[in-house]
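Colleague: I'd like to ask you about the structure that follows.
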Amino acid sequence: RFVSDIADLRGGYPLLNALAERATGLALAADGDTERAREALASALANLDRFPMRFEAARTREALAGISAPSERRQLLEAAAATYRSLRATPHLTRAEALLAGS
């Protein structure tokens, strides 16, 4: 609901737009619409990679991994874990490594 409330602001704030795209992708994934979720998360990731927002991009990679094919899932999780490791984001790194171990 919040994403639709900020629709008028998104065009003027690229970072806000990327975060709103991720929120939309997560909501779509939760509803089982993986195709549209994948599109929204991939779009969010492309936008976040243009900013110096490595942590947010890693979180988006992790979310996208959750709805991706096994080979792509592993690649996304490894990239997210590498970012978490470099940022010393220990709780996120621990979760990503657990997901990697299970894949």
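For the structure tokens, the naming scheme is as follows: chains receive sequential letters (A, B, ...) according to their order of presentation, residues are indexed from 1 within each chain, and ligands are indexed from 1 in presentation order.
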Identify, on the basis of only C-alpha atoms, every residue whose closest approach to stretch 90-92 of chain A does not exceed 9 Å; exclude the query and any residue fewer than 6 positions from it along the same chain; express the result as number ranges by chain.
Modeller: A: 59, 80-81, 84
Colleague: Since we have the selection now, will you write its residues out, keeping N, CA, C and O atoms, as an mmCIF file, in the first residue's frame?
Modeller:
data_model
loop_
_atom_site.group_PDB
_atom_site.id
_atom_site.type_symbol
_atom_site.label_atom_id
_atom_site.label_comp_id
_atom_site.auth_asym_id
_atom_site.auth_seq_id
_atom_site.Cartn_x
_atom_site.Cartn_y
_atom_site.Cartn_z
ATOM 1 N N ARG A 59 21.077 -6.884 -0.505
ATOM 2 C CA ARG A 59 19.778 -7.358 0.009
ATOM 3 C C ARG A 59 18.846 -7.718 -1.143
ATOM 4 O O ARG A 59 18.082 -8.686 -1.065
ATOM 5 N N ALA A 80 25.987 -11.534 -2.926
ATOM 6 C CA ALA A 80 25.453 -10.875 -1.728
ATOM 7 C C ALA A 80 26.360 -11.138 -0.533
ATOM 8 O O ALA A 80 26.699 -10.214 0.223
ATOM 9 N N ALA A 81 26.782 -12.392 -0.364
ATOM 10 C CA ALA A 81 27.655 -12.746 0.762
ATOM 11 C C ALA A 81 28.981 -11.998 0.683
ATOM 12 O O ALA A 81 29.490 -11.521 1.709
ATOM 13 N N TYR A 84 28.269 -8.496 1.887
ATOM 14 C CA TYR A 84 28.066 -8.497 3.334
ATOM 15 C C TYR A 84 29.403 -8.670 4.067
ATOM 16 O O TYR A 84 29.667 -8.011 5.067
#
Colleague: So that I can check the surroundings of A:Leu45, please list as a PyMOL selection string every protein, DNA and RNA residue that reaches within 8 Å of it, counting only C-alpha atoms and ignoring chain neighbours fewer than 3 positions away.
Modeller: chain A and resi 18+22+41-42+48-49+57+60-61
Colleague: Go ahead and save the residues from that selection, with C-alpha atoms, as a PDB file, in the first residue's frame.
Modeller:
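The result, stored in result-v1.pdb:
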ATOM      1  CA  ALA A  18      14.647   1.446  -6.586  1.00  0.00           C
ATOM      2  CA  ARG A  22      12.235  -3.970  -4.389  1.00  0.00           C
ATOM      3  CA  LEU A  41      13.579  -7.184  -8.259  1.00  0.00           C
ATOM      4  CA  ALA A  42      15.845  -7.238 -11.332  1.00  0.00           C
ATOM      5  CA  LEU A  48      20.714   0.058  -7.003  1.00  0.00           C
ATOM      6  CA  ASP A  49      23.908  -1.034  -8.756  1.00  0.00           C
ATOM      7  CA  ALA A  57      21.951  -4.052  -3.736  1.00  0.00           C
ATOM      8  CA  THR A  60      18.065  -7.209  -3.376  1.00  0.00           C
ATOM      9  CA  ARG A  61      20.350  -9.932  -4.772  1.00  0.00           C
TER      10      ARG A  61
END
Colleague: Closest to A:Leu28 among A:Arg50, A:Ala63, A:Leu77, A:Leu99, using only C-alpha atoms?
Modeller: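 The closest residue to A:Leu28 is A:Ala63.
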Colleague: As number ranges by chain, please: every residue in chain A that DSSP puts in alpha helix (DSSP H).
Modeller: A: 2-5, 7-10, 14-30, 34-48, 54-65, 70-87, 90-102
Colleague: Between A:Ser43, A:Ser103, A:Asn17, A:Ser86, single out the one closest to A:Leu64, counting only C-alpha atoms.
Modeller: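 Smallest separation from A:Leu64 among the options: A:Ser43.
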Colleague: Taking 6 positions as the minimum chain separation for residues in the same chain, which residues sit within 12 Å of A:Leu100 when counting only C-alpha atoms? Answer as a ChimeraX atom specification.
Modeller: /A:62,65-66,70-82,93-94
